[in-house]
Structures are given as C-alpha cells and as structure tokens.
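The file start-v7.cif comes next; it holds mmCIF, C-alpha atoms.
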data_start
#
loop_
_atom_site.label_atom_id
_atom_site.label_comp_id
_atom_site.auth_asym_id
_atom_site.auth_seq_id
_atom_site.Cartn_x
_atom_site.Cartn_y
_atom_site.Cartn_z
CA MET A 909 -17.98 -14.21 -11.98
CA ALA A 910 -17.70 -10.58 -12.99
CA ASN A 911 -17.01 -9.50 -16.56
CA ILE A 912 -13.53 -7.93 -16.66
CA TYR A 913 -12.26 -5.96 -19.66
CA TYR A 914 -8.82 -4.72 -20.70
CA GLU A 915 -7.32 -2.43 -23.34
CA ALA A 916 -7.86 -4.96 -26.12
CA ASP A 917 -11.59 -4.93 -25.33
CA ALA A 918 -11.96 -1.15 -25.50
CA ASP A 919 -12.68 0.70 -28.74
CA ARG A 920 -11.31 4.20 -28.20
CA SER A 921 -13.15 5.40 -31.33
CA ALA A 922 -16.37 5.36 -29.27
CA ILE A 923 -15.15 8.46 -27.43
CA ALA A 924 -12.67 9.90 -29.95
CA ASP A 925 -15.13 12.37 -31.49
CA ARG A 926 -16.90 13.29 -28.26
CA LYS A 927 -16.77 16.62 -26.53
CA VAL A 928 -16.36 15.78 -22.83
CA ALA A 929 -17.16 18.02 -19.87
CA VAL A 930 -15.68 17.09 -16.52
CA LEU A 931 -17.68 18.94 -13.88
CA GLY A 932 -15.51 19.46 -10.81
CA TYR A 933 -11.75 19.61 -10.31
CA GLY A 934 -11.21 17.87 -7.00
CA SER A 935 -9.44 14.58 -6.39
CA GLN A 936 -11.19 12.66 -9.17
CA GLY A 937 -11.94 15.64 -11.41
CA HIS A 938 -8.35 16.68 -11.96
CA ALA A 939 -7.29 13.08 -12.69
CA HIS A 940 -10.11 12.42 -15.17
CA ALA A 941 -9.61 15.72 -16.99
CA LEU A 942 -5.83 15.45 -17.33
CA ASN A 943 -5.85 11.77 -18.28
CA LEU A 944 -8.55 12.33 -20.88
CA LYS A 945 -6.65 15.28 -22.35
CA GLU A 946 -3.44 13.29 -22.58
CA SER A 947 -5.36 10.46 -24.24
CA GLY A 948 -6.32 12.87 -27.02
CA ILE A 949 -9.90 13.51 -25.90
CA ASP A 950 -11.54 16.92 -26.37
CA VAL A 951 -12.15 17.85 -22.73
CA ARG A 952 -13.14 20.95 -20.82
CA VAL A 953 -13.59 21.46 -17.07
CA GLY A 954 -16.79 22.95 -15.67
CA LEU A 955 -16.44 24.96 -12.46
CA ARG A 956 -18.56 27.23 -10.31
CA GLU A 957 -18.06 30.95 -10.74
CA GLY A 958 -15.16 32.06 -8.55
CA SER A 959 -13.85 28.54 -8.01
CA SER A 960 -10.37 28.43 -6.52
CA SER A 961 -9.62 25.48 -8.81
CA LYS A 962 -9.82 27.55 -11.98
CA ALA A 963 -6.20 28.72 -11.83
CA LYS A 964 -4.97 25.17 -11.17
CA ALA A 965 -6.88 23.72 -14.11
CA GLU A 966 -5.78 26.46 -16.49
CA ALA A 967 -2.17 26.13 -15.32
CA ALA A 968 -2.40 22.44 -16.22
CA GLY A 969 -3.38 23.40 -19.77
CA LEU A 970 -7.08 22.63 -19.48
CA THR A 971 -9.95 24.65 -20.90
CA VAL A 972 -12.19 25.95 -18.13
CA ARG A 973 -15.83 26.97 -18.51
CA SER A 974 -18.73 27.63 -16.20
CA ILE A 975 -20.67 24.47 -15.38
CA ALA A 976 -23.55 25.48 -17.64
CA ASP A 977 -21.30 26.43 -20.55
CA ALA A 978 -19.27 23.24 -20.24
CA ALA A 979 -22.45 21.15 -20.27
CA ALA A 980 -23.76 23.08 -23.27
CA GLU A 981 -20.55 22.53 -25.25
CA ALA A 982 -20.26 18.84 -24.46
CA ASP A 983 -22.12 15.73 -25.55
CA LEU A 984 -20.66 13.67 -22.67
CA VAL A 985 -20.93 15.15 -19.18
CA MET A 986 -19.09 13.55 -16.24
CA MET A 987 -20.56 14.61 -12.87
CA LEU A 988 -17.77 14.82 -10.27
CA MET A 989 -19.15 16.99 -7.50
CA PRO A 990 -20.35 16.08 -3.99
CA ASP A 991 -23.36 13.73 -3.83
CA THR A 992 -25.47 16.19 -1.84
CA GLU A 993 -24.89 19.07 -4.28
CA MET A 994 -25.18 17.12 -7.50
CA ALA A 995 -28.96 17.06 -7.95
CA ASP A 996 -29.36 20.85 -7.70
CA ILE A 997 -26.44 21.48 -10.06
CA TYR A 998 -27.82 18.94 -12.50
CA ALA A 999 -31.32 20.44 -12.48
CA THR A 1000 -30.22 24.04 -12.97
CA GLN A 1001 -27.03 23.85 -15.02
CA VAL A 1002 -26.84 20.49 -16.78
CA ALA A 1003 -30.32 19.19 -17.60
CA PRO A 1004 -31.28 22.23 -19.76
CA HIS A 1005 -28.34 21.47 -22.06
CA LEU A 1006 -28.81 17.72 -22.57
CA ASN A 1007 -29.75 16.72 -26.09
CA GLU A 1008 -30.87 13.42 -27.59
CA GLY A 1009 -27.91 11.05 -27.88
CA ASP A 1010 -25.83 12.80 -25.23
CA ALA A 1011 -24.25 10.86 -22.38
CA LEU A 1012 -24.47 11.58 -18.66
CA PHE A 1013 -21.66 9.94 -16.66
CA PHE A 1014 -21.09 9.45 -12.94
CA ALA A 1015 -18.25 8.10 -10.78
CA HIS A 1016 -20.67 6.99 -8.06
CA GLY A 1017 -24.25 5.79 -8.41
CA PHE A 1018 -25.78 7.60 -5.41
CA ASN A 1019 -27.93 10.16 -7.21
CA ILE A 1020 -29.24 7.72 -9.80
CA ARG A 1021 -29.80 4.82 -7.38
CA PHE A 1022 -31.85 6.95 -4.98
CA GLY A 1023 -33.76 8.89 -7.64
CA LEU A 1024 -32.29 12.30 -6.89
CA ILE A 1025 -31.45 12.73 -10.57
CA GLU A 1026 -33.82 11.44 -13.25
CA PRO A 1027 -32.22 11.89 -16.70
CA PRO A 1028 -34.35 12.07 -19.86
CA ALA A 1029 -34.91 8.79 -21.69
CA SER A 1030 -33.02 10.08 -24.73
CA VAL A 1031 -29.53 10.08 -23.16
CA ASP A 1032 -27.10 7.36 -22.16
CA VAL A 1033 -26.53 7.10 -18.40
CA CYS A 1034 -23.27 5.41 -17.42
CA MET A 1035 -20.84 5.10 -14.57
CA VAL A 1036 -17.04 4.93 -14.64
CA ALA A 1037 -15.71 4.60 -11.10
CA PRO A 1038 -11.95 4.23 -10.51
CA LYS A 1039 -11.29 2.13 -7.41
CA GLY A 1040 -8.72 4.49 -6.00
CA PRO A 1041 -8.30 8.17 -5.09
CA GLY A 1042 -7.71 10.71 -7.82
CA HIS A 1043 -4.03 11.28 -7.11
CA LEU A 1044 -3.45 7.55 -7.66
CA VAL A 1045 -5.53 7.55 -10.86
CA ARG A 1046 -3.35 10.38 -12.13
CA ARG A 1047 0.01 9.06 -10.93
CA THR A 1048 -0.42 5.54 -12.28
CA TYR A 1049 -1.56 6.90 -15.65
CA VAL A 1050 1.55 9.08 -15.93
CA GLU A 1051 3.69 6.07 -15.00
CA GLY A 1052 2.09 4.00 -17.76
CA GLY A 1053 -0.26 2.00 -15.57
CA GLY A 1054 -3.76 2.51 -14.29
CA VAL A 1055 -6.24 1.99 -11.48
CA PRO A 1056 -8.98 -0.67 -11.91
CA CYS A 1057 -12.38 0.81 -12.73
CA LEU A 1058 -16.00 -0.20 -12.42
CA ILE A 1059 -18.37 0.54 -15.29
CA ALA A 1060 -22.14 0.36 -15.34
CA VAL A 1061 -24.94 1.29 -17.71
CA GLU A 1062 -28.22 2.46 -16.23
CA GLN A 1063 -29.75 3.65 -19.50
CA ASP A 1064 -28.68 2.71 -23.03
CA ALA A 1065 -30.51 5.21 -25.22
CA THR A 1066 -28.12 4.98 -28.18
CA GLY A 1067 -27.27 1.29 -28.11
CA GLY A 1068 -23.60 2.13 -27.58
CA ALA A 1069 -23.53 3.11 -23.92
CA LYS A 1070 -21.40 0.20 -22.71
CA GLN A 1071 -18.84 0.72 -25.45
CA LEU A 1072 -18.70 4.42 -24.56
CA ALA A 1073 -18.23 3.71 -20.86
CA LEU A 1074 -15.45 1.23 -21.62
CA ALA A 1075 -13.76 3.74 -23.94
CA TYR A 1076 -13.90 6.42 -21.22
CA ALA A 1077 -12.44 4.00 -18.66
CA ASP A 1078 -9.69 3.16 -21.13
CA ALA A 1079 -8.93 6.84 -21.76
CA ILE A 1080 -8.35 7.52 -18.05
CA GLY A 1081 -6.10 4.45 -17.76
CA GLY A 1082 -8.50 1.98 -16.18
CA ALA A 1083 -8.35 -0.62 -18.94
CA ARG A 1084 -4.61 -1.00 -18.35
CA ALA A 1085 -5.44 -2.50 -14.95
CA GLY A 1086 -8.88 -4.01 -15.61
CA VAL A 1087 -12.46 -2.78 -15.91
CA ILE A 1088 -15.16 -4.66 -14.01
CA GLU A 1089 -18.79 -4.50 -15.10
CA THR A 1090 -21.36 -3.80 -12.39
CA THR A 1091 -24.66 -1.94 -11.95
CA PHE A 1092 -25.49 1.43 -10.40
CA THR A 1093 -27.36 -0.37 -7.63
CA GLU A 1094 -24.57 -2.81 -6.79
CA GLU A 1095 -21.85 -0.13 -6.83
CA THR A 1096 -23.83 2.30 -4.69
CA GLU A 1097 -24.99 -0.16 -2.06
CA THR A 1098 -21.66 -1.97 -1.69
CA ASP A 1099 -19.70 1.31 -1.68
CA LEU A 1100 -21.81 2.82 1.11
CA PHE A 1101 -21.74 -0.42 3.08
CA GLY A 1102 -17.96 -0.71 2.78
CA GLU A 1103 -17.47 2.89 3.92
CA GLN A 1104 -19.81 2.64 6.87
CA VAL A 1105 -19.14 -0.87 8.17
CA VAL A 1106 -15.48 -1.57 7.35
CA LEU A 1107 -13.31 1.04 5.68
CA CYS A 1108 -14.28 4.17 7.60
CA GLY A 1109 -16.98 3.70 10.24
CA GLY A 1110 -16.02 0.25 11.45
CA THR A 1111 -12.27 0.86 11.38
CA THR A 1112 -12.29 4.24 13.12
CA ALA A 1113 -14.70 3.03 15.81
CA LEU A 1114 -12.54 -0.07 16.42
CA VAL A 1115 -9.32 1.94 16.61
CA GLN A 1116 -10.80 4.49 19.03
CA ALA A 1117 -12.36 1.80 21.21
CA GLY A 1118 -9.10 -0.16 21.38
CA PHE A 1119 -7.16 3.00 22.28
CA GLU A 1120 -9.70 3.91 24.99
CA THR A 1121 -9.61 0.40 26.46
CA LEU A 1122 -5.83 0.43 26.87
CA VAL A 1123 -5.67 3.98 28.23
CA ASP A 1124 -8.54 3.35 30.66
CA ALA A 1125 -6.61 0.29 31.89
CA GLY A 1126 -3.63 2.50 32.75
CA TYR A 1127 -1.37 2.03 29.74
CA GLN A 1128 0.50 4.99 28.25
CA PRO A 1129 -1.49 6.77 25.48
CA GLU A 1130 1.57 6.84 23.23
CA VAL A 1131 1.97 3.06 23.42
CA ALA A 1132 -1.77 2.58 22.89
CA TYR A 1133 -1.59 4.80 19.79
CA PHE A 1134 1.17 2.71 18.24
CA GLU A 1135 -0.60 -0.58 18.96
CA CYS A 1136 -4.11 0.45 17.85
CA LEU A 1137 -3.54 2.98 15.05
CA HIS A 1138 0.03 3.35 13.82
CA GLU A 1139 0.63 -0.35 13.17
CA LEU A 1140 -2.72 -0.75 11.41
CA LYS A 1141 -1.08 0.40 8.16
CA LEU A 1142 1.41 -2.45 8.34
CA ILE A 1143 -1.39 -5.01 8.55
CA VAL A 1144 -3.53 -3.34 5.88
CA ASP A 1145 -0.56 -3.15 3.51
CA LEU A 1146 0.03 -6.88 3.94
CA MET A 1147 -3.64 -7.64 3.23
CA TYR A 1148 -3.57 -5.27 0.23
CA GLU A 1149 -0.56 -7.06 -1.22
CA GLU A 1150 -1.24 -10.69 -0.26
CA GLY A 1151 -4.79 -11.02 1.06
CA ILE A 1152 -5.77 -12.03 4.58
CA ALA A 1153 -4.04 -15.41 4.33
CA GLY A 1154 -0.84 -13.72 3.15
CA MET A 1155 -0.99 -11.27 6.04
CA ARG A 1156 -1.37 -14.14 8.50
CA TYR A 1157 1.62 -15.89 6.94
CA SER A 1158 3.75 -12.78 7.47
CA ILE A 1159 2.93 -12.09 11.11
CA SER A 1160 4.08 -14.08 14.11
CA ASP A 1161 2.39 -17.32 15.16
CA THR A 1162 1.34 -15.60 18.37
CA ALA A 1163 -0.32 -12.77 16.45
CA GLU A 1164 -1.99 -15.20 14.06
CA TYR A 1165 -3.37 -17.34 16.90
CA GLY A 1166 -4.77 -14.22 18.56
CA ASP A 1167 -6.29 -13.18 15.22
CA LEU A 1168 -7.94 -16.54 14.63
CA THR A 1169 -9.30 -17.05 18.15
CA ARG A 1170 -10.08 -13.52 19.39
CA GLY A 1171 -11.15 -11.76 16.20
CA PRO A 1172 -14.50 -13.62 16.08
CA ARG A 1173 -15.17 -12.51 19.67
CA ILE A 1174 -14.96 -8.87 18.55
CA VAL A 1175 -16.98 -9.28 15.36
CA ASP A 1176 -19.63 -11.57 16.82
CA ASP A 1177 -23.25 -12.31 15.94
CA HIS A 1178 -24.38 -9.00 17.44
CA VAL A 1179 -21.99 -7.08 15.17
CA ARG A 1180 -23.05 -9.09 12.13
CA ALA A 1181 -26.70 -8.35 12.92
CA GLU A 1182 -25.90 -4.63 13.10
CA MET A 1183 -24.11 -4.89 9.76
CA ARG A 1184 -27.28 -6.33 8.23
CA ARG A 1185 -29.34 -3.50 9.73
CA ILE A 1186 -26.98 -0.93 8.22
CA LEU A 1187 -27.20 -2.66 4.84
CA ASP A 1188 -30.99 -2.58 5.09
CA GLU A 1189 -30.86 1.18 5.78
CA ILE A 1190 -28.73 1.65 2.67
CA ARG A 1191 -30.88 -0.51 0.41
CA SER A 1192 -34.15 1.02 1.58
CA GLY A 1193 -32.89 4.54 0.91
CA ALA A 1194 -33.15 5.50 4.59
CA PHE A 1195 -29.47 6.44 4.82
CA ALA A 1196 -29.59 8.51 1.62
CA GLU A 1197 -32.70 10.32 2.83
CA GLU A 1198 -31.07 11.00 6.21
CA TRP A 1199 -27.82 12.27 4.68
CA VAL A 1200 -29.48 14.52 2.12
CA ALA A 1201 -31.76 15.99 4.79
CA GLU A 1202 -28.79 16.53 7.12
CA SER A 1203 -26.89 18.34 4.38
CA ARG A 1204 -29.80 20.52 3.33
CA SER A 1205 -30.54 21.53 6.93
CA GLY A 1206 -27.04 22.86 7.59
CA ARG A 1207 -25.20 19.69 8.71
CA GLU A 1208 -25.50 20.48 12.45
CA ASN A 1209 -25.22 16.86 13.56
CA PHE A 1210 -22.48 16.09 11.01
CA LEU A 1211 -20.40 19.06 12.17
CA ARG A 1212 -20.92 18.19 15.84
CA LEU A 1213 -19.77 14.61 15.32
CA GLU A 1214 -16.86 15.71 13.16
CA ALA A 1215 -15.69 18.17 15.83
CA ALA A 1216 -16.00 15.50 18.54
CA GLY A 1217 -13.82 13.19 16.47
CA ARG A 1218 -11.12 15.86 16.10
CA GLU A 1219 -11.13 16.37 19.86
CA HIS A 1220 -10.68 12.68 20.72
CA PRO A 1221 -7.47 12.10 22.75
CA ILE A 1222 -6.10 9.81 20.05
CA GLU A 1223 -5.84 12.83 17.75
CA GLN A 1224 -3.75 14.85 20.19
CA VAL A 1225 -1.47 11.91 20.94
CA GLY A 1226 -1.20 11.05 17.27
CA ALA A 1227 -0.36 14.59 16.18
CA ARG A 1228 2.48 14.70 18.70
CA LEU A 1229 3.88 11.33 17.64
CA ARG A 1230 3.53 11.96 13.90
CA ALA A 1231 5.56 15.16 14.35
CA MET A 1232 8.41 12.86 15.38
CA MET A 1233 8.03 10.92 12.10
CA PRO A 1234 8.17 13.50 9.27
CA TRP A 1235 8.64 10.76 6.70
CA ILE A 1236 4.95 9.86 7.10
CA SER A 1237 3.73 13.02 5.39
CA ALA A 1238 6.73 13.69 3.15
CA GLY A 1239 5.63 14.26 -0.42
CA LYS A 1240 1.97 13.60 0.33
CA GLU A 1241 -0.72 15.73 -1.32
CA SER A 1242 -3.81 16.32 0.82
CA VAL A 1243 -6.88 16.41 -1.44
CA LYS A 1244 -10.29 15.55 -0.06
CA ASP A 1245 -12.29 13.47 -2.52
CA THR A 1246 -15.80 14.94 -2.74
CA SER A 1247 -16.95 13.02 -5.79
CA GLY A 1248 -19.04 10.64 -3.74
CA GLY A 1249 -17.37 7.32 -3.53
CA GLN A 1250 -14.49 6.28 -1.17
CA GLY A 1251 -12.35 6.03 -4.35
#

Whole structure given in structure tokens:
Amino acid sequence: MANIYYEADADRSAIADRKVAVLGYGSQGHAHALNLKESGIDVRVGLREGSSSKAKAEAAGLTVRSIADAAAEADLVMMLMPDTEMADIYATQVAPHLNEGDALFFAHGFNIRFGLIEPPASVDVCMVAPKGPGHLVRRTYVEGGGVPCLIAVEQDATGGAKQLALAYADAIGGARAGVIETTFTEETETDLFGEQVVLCGGTTALVQAGFETLVDAGYQPEVAYFECLHELKLIVDLMYEEGIAGMRYSISDTAEYGDLTRGPRIVDDHVRAEMRRILDEIRSGAFAEEWVAESRSGRENFLRLEAAGREHPIEQVGARLRAMMPWISAGKESVKDTSGGQG
C-alpha cells in the first residue's frame, strides 16, 4: 500500500524560509505560484524574455524575473516548462545558479527518469505532481480544499528532501486532499502509459473508430457523435465519482450486460499485448528518445498527425453540435498544460 500523508504530517517550516522560483506560468505554473504566495511562501516567477505571461503574473501580484535571475535568487527551483524544452533551459539558465543545499523540483519525472537532466550531487531533487490540471489546483485551493499530489525524492543531498517536498505539496493545497509517495520512475512510466493507452491515445482512437463504424454503416453522423463522444462524459463522471462498479450500478441492465459481455471483445488479448509493447517502449526510453528527436527536428510528424486529427469528420460534426449547447463551454478557461504530465 502507498504511503499517504495529510496536513498533520507536513511541517511547513521546512519551506517557510525558502526562496522559491516557479519557472513557467502556464496551467500548473500559475496555480503553484499563486498558492505558494497565499501560503506565505517567498515566491517569484521565472519567464522567458518577452513572455506574454508576464503581465498576467504581475497583475496577480507576483514578482516576475527572467528565468536565470529567478534561479539565481532562489534556493528551491520548480521546473514547470514543456518536457522537450526543459533540458536546454536547465543547462543554460538554471544549472549555473545551483548551489550546495539547493533544491530542484519537478512536477513530472520525464527529464530525470530519462537522463536528460543530471543535477549535481549537492542538491535535493524532488517531485511534487498534483493529479489534476492547474485551474483545478488553483480553484480548490481558493475554496479551501486541494488536489491530491504525488511526491518523490530522487536525490536527498541534505537529508531533508522528503520533508521539503511534503511541505511544498502542503503549501499548494495538496496535503488537504492527500499526498501519495512514489518514485520518479513510477510516476513517469505510469503517467506516459496512462496518457498513451487509456486517457488520451486509447480513448480518442476508440471514439473515432466507433464514430467511423456507425457512419460507414449508414447512421447519421450527428447521432454517432452523441453515442460515441458526447455521452462519454456521463460515463466517465460516474466512474470518477463511484468507480466502475458504481457506474455499472447507475446505467441500465441492458447497458451493463453489453459492457460485461462485449467490452472484453474490444479490449482483447491482441490489445493487451499492444499495451505491453507500448509500456516496454516507455520503460526502455524508446518513446522518450523518439519524442525528443521529433521535437528537436521541427515536429513534422507531430504537426501532420495533429492536423489530420483536427480534420476528422467528428470534429466538424462536433463543432456544429456543441454550438447548439453553449452551456458546455460556459465559464470554462482554456489553458493548455505544457508542464509535462496529463495533470
């Protein structure tokens, strides 16, 4: 069983006298910086020169510095920029300013797990990863709650790395909900697997294939959209709230029988074998190597696939139908999370 910690287990004094630099002000960055500030932590935001986020951060009452200056001022640096950009930023703007006893923090283990960043032995290397998008981390904190967090220690140079990670998680609201101890390796490999096989890759491929099957069989695209995409949220919400068994209790007997008898025909031994192959690619570093190379070479394949996805008929049908349901997007903030993890 995992070790789970709460507010009573966190000693906020471990971070009280630290100077924290949050590098990046995207989905996670804005939430970390604001929550830390409101928890009484000395925090500054590090941004690229000319960043469009500077005005937003300053308007929120935060101190903004260049990335290098923020790293130089701080003795705890939280890296919240895209995985594929992090190593270069670290090497040129962060590493020169790390001193003995400093702490280097991450919200996703990618760069440490795959050796893209190799910190000096004299600094603590920790992870604090909220299991939710930044807007939720921020909103729940303001409401007096929090989003569960993962913490991990890769390198304990000072002997107090775990206590520091727990204090940071507490300061952004995570200890209110629960903080689960893991490792950089476990977080990285399970996070990538979940994204690729279930949460993003598996789900989008299943939705598109179901839509195509119905349309190819002569059914109306609008009806296929509702059955294969729109209603997915209803099922996911039930699983989120009550688990799979609770979802099955809430749906009709007909739907549950179809779930129990036909689901295993979709996710069969062939699919499970492919899942294991994908996990092997993650664990061996093959996926990381492929993704970093793709990014450094201009992302031609990534952009081609992304464009093809936008042009899929389900997107045109969906856009038309969602325009009929303005309540779907009412009050929603669109912020792409580029910190690495799915949140």

Within 7 Å of segment 919-931 of chain A: each segment 936-982 of chain A residue with its shortest pair, all atoms listed in the file, as CSV:
residue,atom,partner,partner_atom,distance
A:Gly937,CA,A:Val930,CA,6.5
A:Ala941,CA,A:Val930,CA,6.2
A:Ile949,CA,A:Ala924,CA,6.1
A:Asp950,CA,A:Lys927,CA,5.2
A:Val951,CA,A:Val928,CA,4.7
A:Arg952,CA,A:Ala929,CA,5.1
A:Val953,CA,A:Val930,CA,4.9
A:Gly954,CA,A:Leu931,CA,4.5
A:Leu955,CA,A:Leu931,CA,6.3
A:Ile975,CA,A:Leu931,CA,6.5
A:Ala978,CA,A:Ala929,CA,5.6
A:Ala979,CA,A:Ala929,CA,6.2
A:Ala982,CA,A:Lys927,CA,4.6

Point to revise | Contact residues around segment 1138-1146 of chain A with only C-alpha atoms at 9 Å, ignoring same-chain residues under 5 positions, as a list in words | key: Val1115, Tyr1133, Gly1151, Ile1152, Gly1154, Met1155, Arg1156, Ser1158, Ile1159 and Gly1226 of chain A

Practice item. Given the file shown, determine the residues that the PyMOL selection byres ((chain A and resi 1072-1088) around 6) selects; report them as a VMD selection string. Key: chain A and resid 911 to 915 918 to 920 922 940 943 to 944 947 1049 1053 to 1058 1069 to 1071 1089

Check your understanding: Do you have the atom CA of Tyr1157 of chain A-atom CA of Leu1107 of chain A distance handy?
Key ->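 Atom-to-atom, atom CA of Tyr1157 of chain A and atom CA of Leu1107 of chain A are spaced 22.6 Å apart.
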
Review point. Which residues fall under the PyMOL selection byres ((chain A and resi 1019-1036) around 6) in this file, as a list in words?
Key: Ala995, Glu1008, Gly1009, Asp1010, Ala1011, Leu1012, Phe1013, Phe1014, Ala1015, Gly1017, Phe1018, Ala1037, Leu1058, Ile1059, Ala1060, Val1061, Glu1062, Gln1063, Asp1064, Ala1065, Ala1069 and Thr1093 of chain A

Point to revise | Residue nearest Leu970 of chain A among A:Tyr1165, A:Phe1101, A:Tyr998, A:Tyr933 (counting all atoms listed in the file) | key: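 Result for the nearest residue to Leu970 of chain A: A:Tyr933.
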
**Study point:** Contacts of Val1131 of chain A at 12 Å (all atoms listed in the file; same-chain gap of 6+ positions) as a VMD selection string
**Key:** chain A and resid 1118 to 1120 1122 to 1123 1137 to 1139 1222 1225 to 1226 1229

Review point. Counting only C-alpha atoms, what is within 8 Å of Ala980 of chain A, bar same-chain residues fewer than 5 positions away, as a list in words?
Key: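 In the requested format, the answer is Val1002, His1005 and Leu1006 of chain A.
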
Exercise for review: Grab the atom CA of Pro1172 of chain A to atom CA of Ala1153 of chain A distance for me, in Å with one decimal place.
Suggested key: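 Distance between the two atoms: 15.8 Å.
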
Practice item. Using only C-alpha atoms, find the one residue out of A:Pro1041, A:His1016, A:Ser961, A:Met1183 that sits nearest to Thr1090 of chain A. Key: A:His1016
